[in-house]
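Below: final-v5.cif (mmCIF, C-alpha atoms)
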data_target
#
loop_
_atom_site.label_atom_id
_atom_site.label_comp_id
_atom_site.auth_asym_id
_atom_site.auth_seq_id
_atom_site.Cartn_x
_atom_site.Cartn_y
_atom_site.Cartn_z
CA MET M 252 173.74 103.88 54.80
CA ASN M 253 172.56 104.18 51.18
CA VAL M 254 173.59 101.14 49.15
CA LEU M 255 173.33 100.72 45.39
CA ILE M 256 172.62 97.16 44.23
CA ASN M 257 174.17 97.35 40.79
CA PHE M 258 173.02 94.64 38.37
CA LYS M 259 175.00 96.05 35.46
CA THR M 260 177.47 93.16 35.29
CA HIS M 261 175.18 90.42 36.59
CA LYS M 262 174.76 87.57 34.09
CA ALA M 263 171.18 86.46 34.69
CA GLY M 264 167.76 86.63 33.13
CA ILE M 265 165.44 89.37 34.29
CA THR M 266 163.17 87.20 36.43
CA ALA M 267 166.24 85.61 38.02
CA ARG M 268 167.42 89.11 38.88
CA LEU M 269 164.06 89.83 40.45
CA THR M 270 164.06 86.79 42.76
CA ARG M 271 167.69 87.43 43.73
CA HIS M 272 166.95 91.08 44.32
CA VAL M 273 164.38 90.06 46.95
CA GLU M 274 167.12 88.19 48.80
CA PHE M 275 169.47 91.18 48.48
CA LEU M 276 166.77 93.36 50.04
CA ARG M 277 166.56 91.00 53.00
CA ILE M 278 170.27 91.26 53.63
CA ALA M 279 170.19 95.04 53.20
CA GLU M 280 167.48 95.35 55.84
CA GLU M 281 169.39 93.12 58.24
CA ASN M 282 172.33 95.53 57.93
CA ASN M 283 170.14 98.66 58.22
CA TRP M 284 171.04 99.69 54.68
CA THR M 285 168.74 101.72 52.46
CA PRO M 286 168.74 99.79 49.14
CA TYR M 287 168.73 101.43 45.73
CA VAL M 288 168.82 99.47 42.49
CA ASN M 289 170.39 99.86 39.06
CA TRP M 290 169.10 97.48 36.39
CA ILE M 291 171.03 98.54 33.31
CA ALA M 292 170.59 95.65 30.90
CA ASN M 293 173.49 93.59 29.59
CA ASP M 294 174.14 91.09 26.83
CA GLY M 295 170.85 89.93 25.26
CA TRP M 296 168.81 92.24 27.47
CA GLN M 297 170.08 95.48 25.94
CA GLU M 298 167.53 98.26 26.05
CA ASN M 299 169.72 101.07 24.72
CA GLY M 300 171.77 100.87 27.93
CA GLN M 301 168.86 102.19 29.98
CA ASN M 302 168.01 101.30 33.55
CA LEU M 303 165.07 98.89 33.33
CA TRP M 304 163.97 99.33 36.94
CA PRO M 305 162.34 102.80 36.74
CA MET M 306 160.64 101.81 33.47
CA LEU M 307 158.54 99.24 35.33
CA PHE M 308 158.76 99.97 39.04
CA LYS M 309 158.40 102.96 41.32
CA GLN M 310 161.81 104.15 42.43
CA ASN M 311 162.41 103.44 46.09
CA PRO M 312 163.83 105.65 47.47
CA LYS M 313 162.88 108.45 45.09
CA GLY M 314 165.23 110.95 43.52
CA LYS M 315 168.99 110.96 43.02
CA MET M 316 170.97 109.49 45.88
CA GLN M 317 174.50 109.66 47.18
CA PHE M 318 175.68 106.11 47.79
CA ASP M 319 177.87 105.06 50.69
CA LYS M 320 178.45 101.68 49.06
CA ILE M 321 178.00 100.16 45.63
CA ILE M 322 177.62 96.38 45.44
CA ASP M 323 177.27 94.10 42.48
CA PRO M 324 175.25 90.88 43.01
CA ASP M 325 178.33 88.65 42.90
CA GLU M 326 179.96 90.64 45.69
CA PHE M 327 176.69 90.65 47.60
CA TYR M 328 176.49 86.89 47.19
CA ARG M 329 180.00 86.41 48.54
CA SER M 330 179.11 88.46 51.61
CA ILE M 331 176.46 85.95 52.74
CA PRO M 332 177.63 83.49 55.43
CA ASN M 333 178.21 80.00 54.08
CA GLU M 334 175.59 78.46 56.33
CA ASP M 335 172.95 80.79 54.84
CA ARG M 336 173.53 80.14 51.17
CA ILE M 337 174.14 77.48 48.58
CA VAL M 338 177.45 78.02 46.84
CA ARG M 339 176.55 77.56 43.22
CA HIS M 340 180.10 77.04 41.99
CA ASN M 341 180.82 74.35 44.59
CA ALA M 342 177.62 72.32 44.23
CA THR M 343 176.06 70.43 41.38
CA LYS M 344 172.56 71.39 40.29
CA LEU M 345 171.35 68.07 41.64
CA GLU M 346 172.70 68.93 45.10
CA MET M 347 171.03 72.33 44.93
CA LEU M 348 167.70 70.66 44.27
CA LYS M 349 167.53 69.35 47.83
CA ILE M 350 165.14 72.26 48.36
CA PRO M 351 162.38 72.87 45.74
CA GLY M 352 162.84 75.91 43.55
CA VAL M 353 166.54 76.40 44.19
CA GLN M 354 168.44 78.13 41.41
CA GLY M 355 171.39 79.61 43.25
CA LEU M 356 170.52 82.56 45.46
CA TYR M 357 166.79 82.70 46.20
CA PRO M 358 164.26 83.79 48.87
CA ARG M 359 163.63 80.93 51.32
CA ASN M 360 161.12 82.66 53.57
CA LYS M 361 158.28 83.55 51.24
CA ASN M 362 156.33 85.47 53.89
CA LEU M 363 159.33 87.73 54.48
CA ALA M 364 159.87 87.95 50.73
CA ASN M 365 156.29 89.12 50.33
CA GLU M 366 156.83 91.86 52.95
CA LEU M 367 159.94 93.05 51.11
CA ILE M 368 158.14 93.05 47.76
CA LEU M 369 155.29 95.14 49.17
CA LYS M 370 157.79 97.57 50.67
CA TYR M 371 160.33 97.89 47.86
CA ILE M 372 159.11 96.36 44.58
CA ASN M 373 156.01 98.23 43.45
CA PRO M 374 155.05 98.23 39.76
CA LYS M 375 154.30 101.64 38.30
CA LYS M 376 150.71 102.78 38.07
CA SER M 377 150.51 102.05 34.34
CA ILE M 378 151.68 98.46 34.91
CA MET M 379 149.30 97.90 37.82
CA GLU M 380 146.41 99.13 35.69
CA LYS M 381 147.26 96.48 33.08
CA ILE M 382 147.51 93.83 35.82
CA ASP M 383 144.14 94.82 37.31
CA LYS M 384 142.49 94.86 33.88
CA ALA M 385 143.89 91.44 32.97
CA CYS M 386 142.93 90.05 36.38
CA ALA M 387 139.33 91.23 36.01
CA LYS M 388 139.22 89.62 32.57
CA HIS M 389 140.76 86.25 33.40
CA ILE M 390 140.84 85.42 37.10
CA ASN M 391 138.07 84.17 39.36
CA PRO M 392 140.08 83.61 42.57
CA ASP M 393 137.96 80.66 43.71
CA LYS M 394 137.66 78.90 40.37
CA THR M 395 140.90 79.49 38.43
CA LEU M 396 143.86 77.11 38.39
CA GLY M 397 147.15 78.85 37.58
CA VAL M 398 149.79 76.99 35.55
CA HIS M 399 153.29 78.05 34.55
CA CYS M 400 154.84 75.82 31.89
CA ARG M 401 157.96 76.72 29.95
CA GLY M 402 158.39 75.88 26.30
CA PRO M 403 160.80 73.38 24.73
CA GLY M 404 163.21 76.11 23.60
CA ARG M 405 165.15 75.66 26.82
CA LEU M 406 165.40 72.79 29.28
CA HIS M 407 162.54 73.09 31.72
CA GLY M 408 163.82 75.37 34.45
CA GLY M 409 167.30 75.01 32.99
CA VAL M 410 167.92 71.94 35.16
CA GLU M 411 169.43 69.14 33.11
CA GLU M 412 169.67 66.74 36.07
CA ILE M 413 165.88 66.73 36.53
CA HIS M 414 165.44 65.70 32.91
CA GLU M 415 168.10 63.03 33.16
CA TYR M 416 166.54 61.55 36.29
CA PHE M 417 163.00 61.50 34.94
CA GLY M 418 164.00 60.62 31.37
CA ILE M 419 162.32 63.77 30.05
CA ASN M 420 163.09 65.21 26.64
CA GLY M 421 161.44 68.59 26.09
CA THR M 422 158.49 70.09 27.94
CA PRO M 423 157.13 67.45 30.42
CA TYR M 424 153.48 67.74 29.39
CA ASP M 425 152.51 64.39 30.96
CA LEU M 426 153.64 65.56 34.39
CA TYR M 427 151.61 68.75 34.03
CA PHE M 428 148.51 67.06 32.65
CA LYS M 429 148.48 64.51 35.48
CA LYS M 430 148.49 67.30 38.09
CA ILE M 431 145.97 69.45 36.20
CA ASP M 432 143.52 66.59 35.58
CA GLN M 433 143.44 65.94 39.33
CA GLN M 434 142.45 69.57 39.93
CA LEU M 435 139.95 70.14 37.11
CA GLN M 436 136.90 69.18 39.13
CA TYR M 437 137.61 72.08 41.49
CA HIS M 438 138.22 74.78 38.85
CA GLU M 439 136.33 76.26 35.93
CA LYS M 440 139.33 77.71 34.11
CA ILE M 441 143.06 77.15 33.71
CA PHE M 442 145.13 80.33 33.45
CA LEU M 443 148.28 79.40 31.54
CA ALA M 444 151.50 81.42 31.68
CA THR M 445 154.21 80.33 29.27
CA ASP M 446 156.98 81.64 27.05
CA ALA M 447 155.98 79.49 24.05
CA ASP M 448 153.07 79.49 21.64
CA SER M 449 153.54 75.74 21.13
CA VAL M 450 152.69 75.19 24.82
CA ARG M 451 149.49 77.18 24.36
CA SER M 452 148.53 75.04 21.38
CA THR M 453 149.21 71.79 23.24
CA PHE M 454 147.17 72.88 26.27
CA LYS M 455 144.35 74.15 24.03
CA LYS M 456 144.18 70.83 22.23
CA ARG M 457 143.72 69.01 25.54
CA TYR M 458 141.58 71.43 27.57
CA GLY M 459 139.78 73.47 24.92
CA GLU M 460 138.04 76.63 26.09
CA ARG M 461 138.86 75.93 29.72
CA VAL M 462 142.43 77.13 29.20
CA ILE M 463 142.97 80.89 28.94
CA TRP M 464 145.96 83.23 28.80
CA GLU M 465 146.88 86.87 28.51
CA SER M 466 147.27 87.90 24.86
CA HIS M 467 151.06 88.19 24.72
CA ASP M 468 152.82 87.71 21.38
CA LEU M 469 155.08 84.70 21.92
CA PRO M 470 157.66 82.78 19.86
CA THR M 471 156.80 79.21 18.90
CA ASP M 472 159.14 77.31 21.19
CA GLY M 473 160.01 79.82 23.89
CA GLU M 474 163.64 80.72 24.52
CA ALA M 475 162.28 84.16 25.33
CA HIS M 476 165.29 85.27 27.29
CA SER M 477 168.09 84.08 25.02
CA ARG M 478 170.32 86.68 23.41
CA GLU M 479 169.83 85.36 19.90
CA HIS M 480 166.07 85.23 20.17
CA CYS M 481 165.83 88.67 21.74
CA LYS M 482 167.67 90.16 18.80
CA LYS M 483 165.52 88.40 16.19
CA VAL M 484 161.95 87.99 17.38
CA THR M 485 161.15 88.76 20.98
CA PRO M 486 160.06 92.20 22.17
CA ARG M 487 162.86 94.08 23.81
CA ALA M 488 163.64 93.62 27.48
CA LYS M 489 161.12 96.13 28.85
CA LYS M 490 158.18 94.65 26.96
CA LEU M 491 159.24 91.08 27.69
CA PHE M 492 159.59 91.75 31.40
CA GLU M 493 156.29 93.62 31.49
CA MET M 494 154.55 90.58 29.97
CA CYS M 495 156.16 88.28 32.52
CA LEU M 496 155.33 90.60 35.40
CA ILE M 497 151.65 90.66 34.44
CA ASP M 498 151.58 86.86 34.23
CA MET M 499 153.20 86.43 37.65
CA TYR M 500 150.68 88.74 39.33
CA LEU M 501 147.79 86.92 37.65
CA LEU M 502 149.15 83.53 38.69
CA SER M 503 149.48 84.76 42.27
CA LYS M 504 145.77 85.61 42.33
CA CYS M 505 144.62 82.15 41.26
CA ASP M 506 143.05 79.66 43.66
CA SER M 507 145.95 77.22 43.30
CA PHE M 508 149.11 76.91 41.22
CA ILE M 509 150.87 74.14 39.29
CA CYS M 510 154.45 74.81 38.18
CA GLY M 511 157.85 73.45 37.31
CA ASN M 512 161.25 74.75 38.37
CA SER M 513 161.67 78.41 37.44
CA ASN M 514 162.17 81.90 38.83
CA VAL M 515 158.71 82.85 37.50
CA SER M 516 157.18 80.16 39.71
CA LEU M 517 159.29 81.22 42.68
CA TYR M 518 158.42 84.92 42.43
CA THR M 519 154.74 84.07 41.98
CA GLN M 520 154.83 82.26 45.33
CA CYS M 521 156.58 85.24 46.93
CA LEU M 522 153.75 87.47 45.68
CA ASN M 523 151.28 85.19 47.46
CA PRO M 524 152.88 83.02 50.18
CA ASN M 525 149.50 81.39 50.86
CA LEU M 526 149.06 80.22 47.29
CA ILE M 527 148.40 76.46 47.19
CA THR M 528 151.29 75.25 45.00
CA ASP M 529 152.05 71.88 43.47
CA CYS M 530 155.34 71.32 41.63
CA VAL M 531 155.28 68.76 38.82
CA TYR M 532 158.58 67.33 40.04
CA ASN M 533 158.78 65.07 43.08
CA TYR M 534 161.68 66.46 45.07
CA ASP M 535 161.49 63.89 47.86
CA MET M 536 164.18 61.83 46.18
CA PHE M 537 166.64 64.71 46.59
CA LYS M 538 166.12 64.92 50.38
CA LYS M 539 167.71 61.57 51.22
#

Transcribe the structure of this file into C-alpha coordinates.
Amino acid sequence: MNVLINFKTHKAGITARLTRHVEFLRIAEENNWTPYVNWIANDGWQENGQNLWPMLFKQNPKGKMQFDKIIDPDEFYRSIPNEDRIVRHNATKLEMLKIPGVQGLYPRNKNLANELILKYINPKKSIMEKIDKACAKHINPDKTLGVHCRGPGRLHGGVEEIHEYFGINGTPYDLYFKKIDQQLQYHEKIFLATDADSVRSTFKKRYGERVIWESHDLPTDGEAHSREHCKKVTPRAKKLFEMCLIDMYLLSKCDSFICGNSNVSLYTQCLNPNLITDCVYNYDMFKK
(Lines of atoms letter the chains of each structure in order from A and count residues from 1; the text may use other names and numbers.)
(Lines give C-alpha, C1' and ligand atoms only; values in the text may rest on other atoms or scores of the structure.)
Protein backbone atom coordinates (compact mmCIF):
# COMPACT_ATOMS: atom_id res chain seq x y z
CA MET A 1 0.00 0.00 0.00
CA ASN A 2 1.36 3.43 -0.98
CA VAL A 3 0.77 5.97 1.78
CA LEU A 4 1.31 9.72 1.57
CA ILE A 5 2.43 11.35 4.82
CA ASN A 6 1.09 14.83 4.22
CA PHE A 7 2.66 17.54 6.40
CA LYS A 8 0.73 20.35 4.72
CA THR A 9 -1.42 21.15 7.75
CA HIS A 10 1.04 20.11 10.46
CA LYS A 11 1.90 22.97 12.82
CA ALA A 12 5.52 22.27 13.69
CA GLY A 13 9.01 23.52 12.97
CA ILE A 14 10.97 21.78 10.26
CA THR A 15 13.30 19.82 12.54
CA ALA A 16 10.31 18.74 14.63
CA ARG A 17 8.74 17.45 11.43
CA LEU A 18 11.90 15.53 10.67
CA THR A 19 12.06 13.72 14.03
CA ARG A 20 8.33 12.95 13.87
CA HIS A 21 8.67 11.75 10.31
CA VAL A 22 11.15 9.11 11.51
CA GLU A 23 8.50 7.79 13.88
CA PHE A 24 5.89 7.84 11.10
CA LEU A 25 8.26 5.76 8.97
CA ARG A 26 8.52 3.18 11.74
CA ILE A 27 4.76 2.81 11.91
CA ALA A 28 4.50 2.65 8.12
CA GLU A 29 6.99 -0.21 7.99
CA GLU A 30 5.17 -2.08 10.74
CA ASN A 31 2.03 -1.92 8.58
CA ASN A 32 3.88 -2.86 5.36
CA TRP A 33 3.10 0.55 3.86
CA THR A 34 5.33 2.25 1.30
CA PRO A 35 5.72 5.81 2.68
CA TYR A 36 5.78 8.92 0.51
CA VAL A 37 6.09 12.42 1.94
CA ASN A 38 4.71 15.86 1.15
CA TRP A 39 6.40 18.75 2.95
CA ILE A 40 4.56 21.77 1.58
CA ALA A 41 5.44 24.56 4.00
CA ASN A 42 2.85 26.39 6.07
CA ASP A 43 2.62 29.54 8.14
CA GLY A 44 6.10 31.00 8.75
CA TRP A 45 7.76 28.32 6.65
CA GLN A 46 6.27 29.43 3.33
CA GLU A 47 8.53 28.70 0.39
CA ASN A 48 6.15 29.75 -2.39
CA GLY A 49 3.94 26.78 -1.50
CA GLN A 50 6.57 24.33 -2.73
CA ASN A 51 7.28 20.88 -1.36
CA LEU A 52 10.45 21.24 0.72
CA TRP A 53 11.27 17.53 0.76
CA PRO A 54 12.55 17.07 -2.83
CA MET A 55 14.55 20.31 -2.52
CA LEU A 56 16.77 18.71 0.11
CA PHE A 57 16.25 14.96 0.01
CA LYS A 58 16.16 12.23 -2.60
CA GLN A 59 12.59 11.22 -3.29
CA ASN A 60 11.83 7.77 -1.96
CA PRO A 61 10.12 6.18 -3.79
CA LYS A 62 10.93 8.02 -7.00
CA GLY A 63 8.45 9.37 -9.50
CA LYS A 64 4.75 10.15 -9.26
CA MET A 65 2.75 7.71 -7.19
CA GLN A 66 -0.85 6.68 -6.83
CA PHE A 67 -1.71 6.71 -3.15
CA ASP A 68 -3.96 4.19 -1.46
CA LYS A 69 -4.10 6.35 1.66
CA ILE A 70 -3.29 9.93 2.57
CA ILE A 71 -2.53 10.67 6.22
CA ASP A 72 -1.77 13.91 7.96
CA PRO A 73 0.52 13.72 11.03
CA ASP A 74 -2.31 14.41 13.48
CA GLU A 75 -4.30 11.48 12.11
CA PHE A 76 -1.17 9.34 12.11
CA TYR A 77 -0.57 10.31 15.73
CA ARG A 78 -4.10 9.32 16.73
CA SER A 79 -3.61 5.91 15.12
CA ILE A 80 -0.80 4.98 17.53
CA PRO A 81 -1.88 2.79 20.49
CA ASN A 82 -2.03 4.70 23.75
CA GLU A 83 0.59 2.52 25.40
CA ASP A 84 3.07 3.42 22.64
CA ARG A 85 2.79 7.18 22.75
CA ILE A 86 2.61 10.20 25.00
CA VAL A 87 -0.63 12.08 24.49
CA ARG A 88 0.54 15.65 24.27
CA HIS A 89 -2.86 17.21 24.91
CA ASN A 90 -3.47 15.11 28.03
CA ALA A 91 -0.07 15.54 29.69
CA THR A 92 1.85 18.52 30.95
CA LYS A 93 5.29 19.16 29.52
CA LEU A 94 6.74 18.25 32.90
CA GLU A 95 5.10 14.82 32.72
CA MET A 96 6.43 14.33 29.21
CA LEU A 97 9.95 14.98 30.45
CA LYS A 98 10.03 11.66 32.29
CA ILE A 99 12.08 10.51 29.31
CA PRO A 100 14.92 12.78 28.05
CA GLY A 101 14.30 14.51 24.74
CA VAL A 102 10.54 14.09 24.69
CA GLN A 103 8.65 16.71 22.72
CA GLY A 104 5.46 14.90 21.82
CA LEU A 105 5.90 12.20 19.19
CA TYR A 106 9.54 11.17 18.84
CA PRO A 107 11.77 8.18 17.97
CA ARG A 108 12.52 6.15 21.11
CA ASN A 109 14.71 3.48 19.55
CA LYS A 110 17.59 5.42 18.06
CA ASN A 111 19.17 2.36 16.42
CA LEU A 112 15.93 1.66 14.56
CA ALA A 113 15.60 5.37 13.79
CA ASN A 114 19.07 5.30 12.26
CA GLU A 115 18.10 2.34 10.03
CA LEU A 116 15.01 4.22 8.84
CA ILE A 117 17.00 7.38 8.15
CA LEU A 118 19.53 5.46 6.07
CA LYS A 119 16.72 3.79 4.13
CA TYR A 120 14.35 6.71 3.59
CA ILE A 121 15.91 10.08 4.47
CA ASN A 122 18.88 10.67 2.19
CA PRO A 123 20.06 14.23 1.51
CA LYS A 124 20.56 15.09 -2.14
CA LYS A 125 24.03 14.86 -3.62
CA SER A 126 24.53 18.63 -3.51
CA ILE A 127 23.68 18.71 0.21
CA MET A 128 25.93 15.75 1.01
CA GLU A 129 28.80 17.44 -0.79
CA LYS A 130 28.39 20.47 1.48
CA ILE A 131 28.23 18.20 4.54
CA ASP A 132 31.38 16.32 3.51
CA LYS A 133 33.23 19.56 2.78
CA ALA A 134 32.24 21.09 6.12
CA CYS A 135 33.12 17.88 7.95
CA ALA A 136 36.60 17.78 6.41
CA LYS A 137 37.08 21.41 7.43
CA HIS A 138 35.84 21.22 11.02
CA ILE A 139 35.61 17.70 12.43
CA ASN A 140 38.35 15.46 13.78
CA PRO A 141 36.20 12.54 15.01
CA ASP A 142 38.53 11.70 17.91
CA LYS A 143 39.21 15.23 19.08
CA THR A 144 36.06 17.31 18.48
CA LEU A 145 33.35 17.94 21.07
CA GLY A 146 29.97 18.72 19.52
CA VAL A 147 27.66 21.21 21.25
CA HIS A 148 24.13 22.31 20.36
CA CYS A 149 22.98 25.39 22.27
CA ARG A 150 19.92 27.41 21.35
CA GLY A 151 19.80 31.16 21.63
CA PRO A 152 17.75 33.29 24.05
CA GLY A 153 15.16 34.17 21.39
CA ARG A 154 13.08 31.21 22.53
CA LEU A 155 12.96 29.24 25.76
CA HIS A 156 15.62 26.57 25.61
CA GLY A 157 13.95 23.63 23.91
CA GLY A 158 10.62 25.39 24.34
CA VAL A 159 10.17 23.77 27.76
CA GLU A 160 9.07 26.34 30.32
CA GLU A 161 8.90 23.81 33.17
CA ILE A 162 12.62 23.07 32.92
CA HIS A 163 13.39 26.75 33.32
CA GLU A 164 11.00 27.12 36.21
CA TYR A 165 12.50 24.15 38.04
CA PHE A 166 16.11 25.21 37.56
CA GLY A 167 15.42 28.94 37.94
CA ILE A 168 16.86 29.63 34.49
CA ASN A 169 16.17 32.83 32.59
CA GLY A 170 17.50 32.72 29.03
CA THR A 171 20.17 30.44 27.60
CA PRO A 172 21.64 28.30 30.46
CA TYR A 173 25.29 28.98 29.70
CA ASP A 174 26.49 27.88 33.15
CA LEU A 175 25.03 24.40 32.65
CA TYR A 176 26.76 24.11 29.28
CA PHE A 177 30.10 25.49 30.45
CA LYS A 178 30.20 23.09 33.40
CA LYS A 179 29.75 20.09 31.07
CA ILE A 180 32.15 21.43 28.44
CA ASP A 181 34.91 22.29 30.94
CA GLN A 182 34.81 18.69 32.17
CA GLN A 183 35.40 17.47 28.60
CA LEU A 184 38.00 19.97 27.37
CA GLN A 185 41.01 17.88 28.38
CA TYR A 186 39.87 15.17 25.96
CA HIS A 187 39.16 17.40 22.94
CA GLU A 188 41.07 19.91 20.86
CA LYS A 189 38.06 21.71 19.40
CA ILE A 190 34.44 22.48 20.22
CA PHE A 191 32.08 22.41 17.23
CA LEU A 192 29.17 24.68 18.12
CA ALA A 193 25.76 24.48 16.43
CA THR A 194 23.33 27.24 17.36
CA ASP A 195 20.59 29.44 15.96
CA ALA A 196 21.98 32.65 17.52
CA ASP A 197 25.02 34.79 16.87
CA SER A 198 24.96 35.91 20.52
CA VAL A 199 25.62 32.28 21.57
CA ARG A 200 28.63 32.19 19.26
CA SER A 201 29.99 35.38 20.81
CA THR A 202 29.51 34.09 24.36
CA PHE A 203 31.25 30.78 23.59
CA LYS A 204 34.06 32.58 21.74
CA LYS A 205 34.67 34.84 24.70
CA ARG A 206 35.10 31.83 26.98
CA TYR A 207 36.86 29.30 24.73
CA GLY A 208 38.61 31.46 22.15
CA GLU A 209 39.95 29.68 19.07
CA ARG A 210 38.98 26.28 20.41
CA VAL A 211 35.34 26.88 19.46
CA ILE A 212 34.45 26.60 15.76
CA TRP A 213 31.26 26.61 13.71
CA GLU A 214 30.01 26.41 10.16
CA SER A 215 29.74 29.88 8.60
CA HIS A 216 25.96 30.27 8.64
CA ASP A 217 24.47 33.77 8.72
CA LEU A 218 22.49 33.88 11.97
CA PRO A 219 20.25 36.40 13.75
CA THR A 220 21.51 37.82 17.03
CA ASP A 221 19.23 36.04 19.48
CA GLY A 222 17.95 33.06 17.51
CA GLU A 223 14.22 32.58 17.05
CA ALA A 224 15.18 31.16 13.68
CA HIS A 225 11.96 29.29 13.16
CA SER A 226 9.44 31.93 14.22
CA ARG A 227 7.07 33.29 11.60
CA GLU A 228 7.90 36.91 12.30
CA HIS A 229 11.63 36.37 12.14
CA CYS A 230 11.43 34.28 8.98
CA LYS A 231 9.65 37.09 7.21
CA LYS A 232 12.11 39.77 8.33
CA VAL A 233 15.62 38.38 8.61
CA THR A 234 16.12 34.65 8.36
CA PRO A 235 16.79 32.87 5.07
CA ARG A 236 13.72 31.19 3.73
CA ALA A 237 12.76 27.70 4.83
CA LYS A 238 14.92 25.77 2.36
CA LYS A 239 18.11 27.63 3.27
CA LEU A 240 17.37 27.54 6.99
CA PHE A 241 16.72 23.80 6.95
CA GLU A 242 19.81 23.18 4.83
CA MET A 243 21.93 25.00 7.43
CA CYS A 244 20.40 22.97 10.24
CA LEU A 245 20.81 19.71 8.34
CA ILE A 246 24.52 20.36 7.81
CA ASP A 247 24.98 21.15 11.50
CA MET A 248 23.20 17.97 12.61
CA TYR A 249 25.36 15.77 10.39
CA LEU A 250 28.52 17.48 11.65
CA LEU A 251 27.45 17.07 15.27
CA SER A 252 26.77 13.38 14.66
CA LYS A 253 30.37 12.91 13.51
CA CYS A 254 31.92 14.40 16.65
CA ASP A 255 33.57 12.30 19.34
CA SER A 256 30.95 13.25 21.94
CA PHE A 257 27.98 15.59 22.18
CA ILE A 258 26.62 18.05 24.76
CA CYS A 259 23.08 19.32 24.23
CA GLY A 260 19.89 20.65 25.73
CA ASN A 261 16.32 19.67 24.92
CA SER A 262 15.60 20.06 21.21
CA ASN A 263 14.67 18.19 18.05
CA VAL A 264 18.09 19.10 16.60
CA SER A 265 19.74 17.21 19.46
CA LEU A 266 17.35 14.28 19.07
CA TYR A 267 17.86 13.89 15.32
CA THR A 268 21.63 14.18 15.76
CA GLN A 269 21.51 11.17 18.08
CA CYS A 270 19.38 9.27 15.56
CA LEU A 271 22.04 9.94 12.92
CA ASN A 272 24.61 8.35 15.23
CA PRO A 273 23.07 6.13 17.94
CA ASN A 274 26.55 5.44 19.35
CA LEU A 275 27.32 9.10 19.89
CA ILE A 276 28.35 9.72 23.52
CA THR A 277 25.74 12.28 24.60
CA ASP A 278 25.42 14.37 27.75
CA CYS A 279 22.32 16.52 28.29
CA VAL A 280 22.81 19.68 30.35
CA TYR A 281 19.60 18.95 32.25
CA ASN A 282 19.43 16.32 34.97
CA TYR A 283 16.29 14.37 34.18
CA ASP A 284 16.55 11.99 37.13
CA MET A 285 14.20 14.17 39.13
CA PHE A 286 11.44 13.52 36.58
CA LYS A 287 11.70 9.72 36.93
CA LYS A 288 10.41 9.53 40.50

### Task
Tell me which residues the PyMOL selection byres ((chain M and resi 399) around 7) grabs here, as number ranges by chain.
M: 397-398, 400-401, 443-445, 509-510, 516

Can you pull out every residue within 9 Å of range 521-527 of chain M, counting all atoms listed in the file, but drop anything in the same chain fewer than 6 positions away, and send it as a PDB file with C-alpha atoms, in the coordinates of the input?
ATOM      1  CA  THR M 270     164.060  86.790  42.760  1.00  0.00           C
ATOM      2  CA  PRO M 358     164.260  83.790  48.870  1.00  0.00           C
ATOM      3  CA  ASN M 360     161.120  82.660  53.570  1.00  0.00           C
ATOM      4  CA  LYS M 361     158.280  83.550  51.240  1.00  0.00           C
ATOM      5  CA  ASN M 362     156.330  85.470  53.890  1.00  0.00           C
ATOM      6  CA  LEU M 363     159.330  87.730  54.480  1.00  0.00           C
ATOM      7  CA  ALA M 364     159.870  87.950  50.730  1.00  0.00           C
ATOM      8  CA  ASN M 365     156.290  89.120  50.330  1.00  0.00           C
ATOM      9  CA  GLU M 366     156.830  91.860  52.950  1.00  0.00           C
ATOM     10  CA  ILE M 368     158.140  93.050  47.760  1.00  0.00           C
ATOM     11  CA  LEU M 369     155.290  95.140  49.170  1.00  0.00           C
ATOM     12  CA  MET M 499     153.200  86.430  37.650  1.00  0.00           C
ATOM     13  CA  TYR M 500     150.680  88.740  39.330  1.00  0.00           C
ATOM     14  CA  SER M 503     149.480  84.760  42.270  1.00  0.00           C
ATOM     15  CA  LYS M 504     145.770  85.610  42.330  1.00  0.00           C
ATOM     16  CA  CYS M 505     144.620  82.150  41.260  1.00  0.00           C
ATOM     17  CA  ASP M 506     143.050  79.660  43.660  1.00  0.00           C
ATOM     18  CA  SER M 507     145.950  77.220  43.300  1.00  0.00           C
ATOM     19  CA  PHE M 508     149.110  76.910  41.220  1.00  0.00           C
ATOM     20  CA  ILE M 509     150.870  74.140  39.290  1.00  0.00           C
TER      21      ILE M 509
END

### Message
Report, in Å to a single decimal, how far apart CA of Lys456 in chain M and CA of Asp472 in chain M are.
### Response
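Computing it gives 16.3 Å between the two atoms.
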
Taking (154.9, 97.4, 36.7) in the file's own coordinates, collect the residues within 7 Å, counting all atoms listed in the file, and hand them back as an mmCIF file with C-alpha atoms, in the coordinates of the input.
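Result file follows (point-v5.cif):
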data_model
loop_
_atom_site.group_PDB
_atom_site.id
_atom_site.type_symbol
_atom_site.label_atom_id
_atom_site.label_comp_id
_atom_site.auth_asym_id
_atom_site.auth_seq_id
_atom_site.Cartn_x
_atom_site.Cartn_y
_atom_site.Cartn_z
ATOM 1 C CA LEU M 307 158.540 99.240 35.330
ATOM 2 C CA PHE M 308 158.760 99.970 39.040
ATOM 3 C CA ASN M 373 156.010 98.230 43.450
ATOM 4 C CA PRO M 374 155.050 98.230 39.760
ATOM 5 C CA LYS M 375 154.300 101.640 38.300
ATOM 6 C CA LYS M 376 150.710 102.780 38.070
ATOM 7 C CA SER M 377 150.510 102.050 34.340
ATOM 8 C CA ILE M 378 151.680 98.460 34.910
ATOM 9 C CA MET M 379 149.300 97.900 37.820
ATOM 10 C CA GLU M 493 156.290 93.620 31.490
ATOM 11 C CA LEU M 496 155.330 90.600 35.400
#

### Top pick for closest residue to Arg461 in chain M, considering M:Lys440, M:Arg268, M:Lys320, M:Lys384 and counting all atoms listed in the file
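Between M:Lys440, M:Arg268, M:Lys320, M:Lys384, the residue approaching Arg461 in chain M most closely is M:Lys440.
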
### Task
Could you tell me which of M:Val254, M:Leu303, M:Val462, M:Val531 comes closest to Asn512 in chain M if we count all atoms listed in the file?
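Ranking M:Val254, M:Leu303, M:Val462, M:Val531 by distance to Asn512 in chain M, first place goes to M:Val531.
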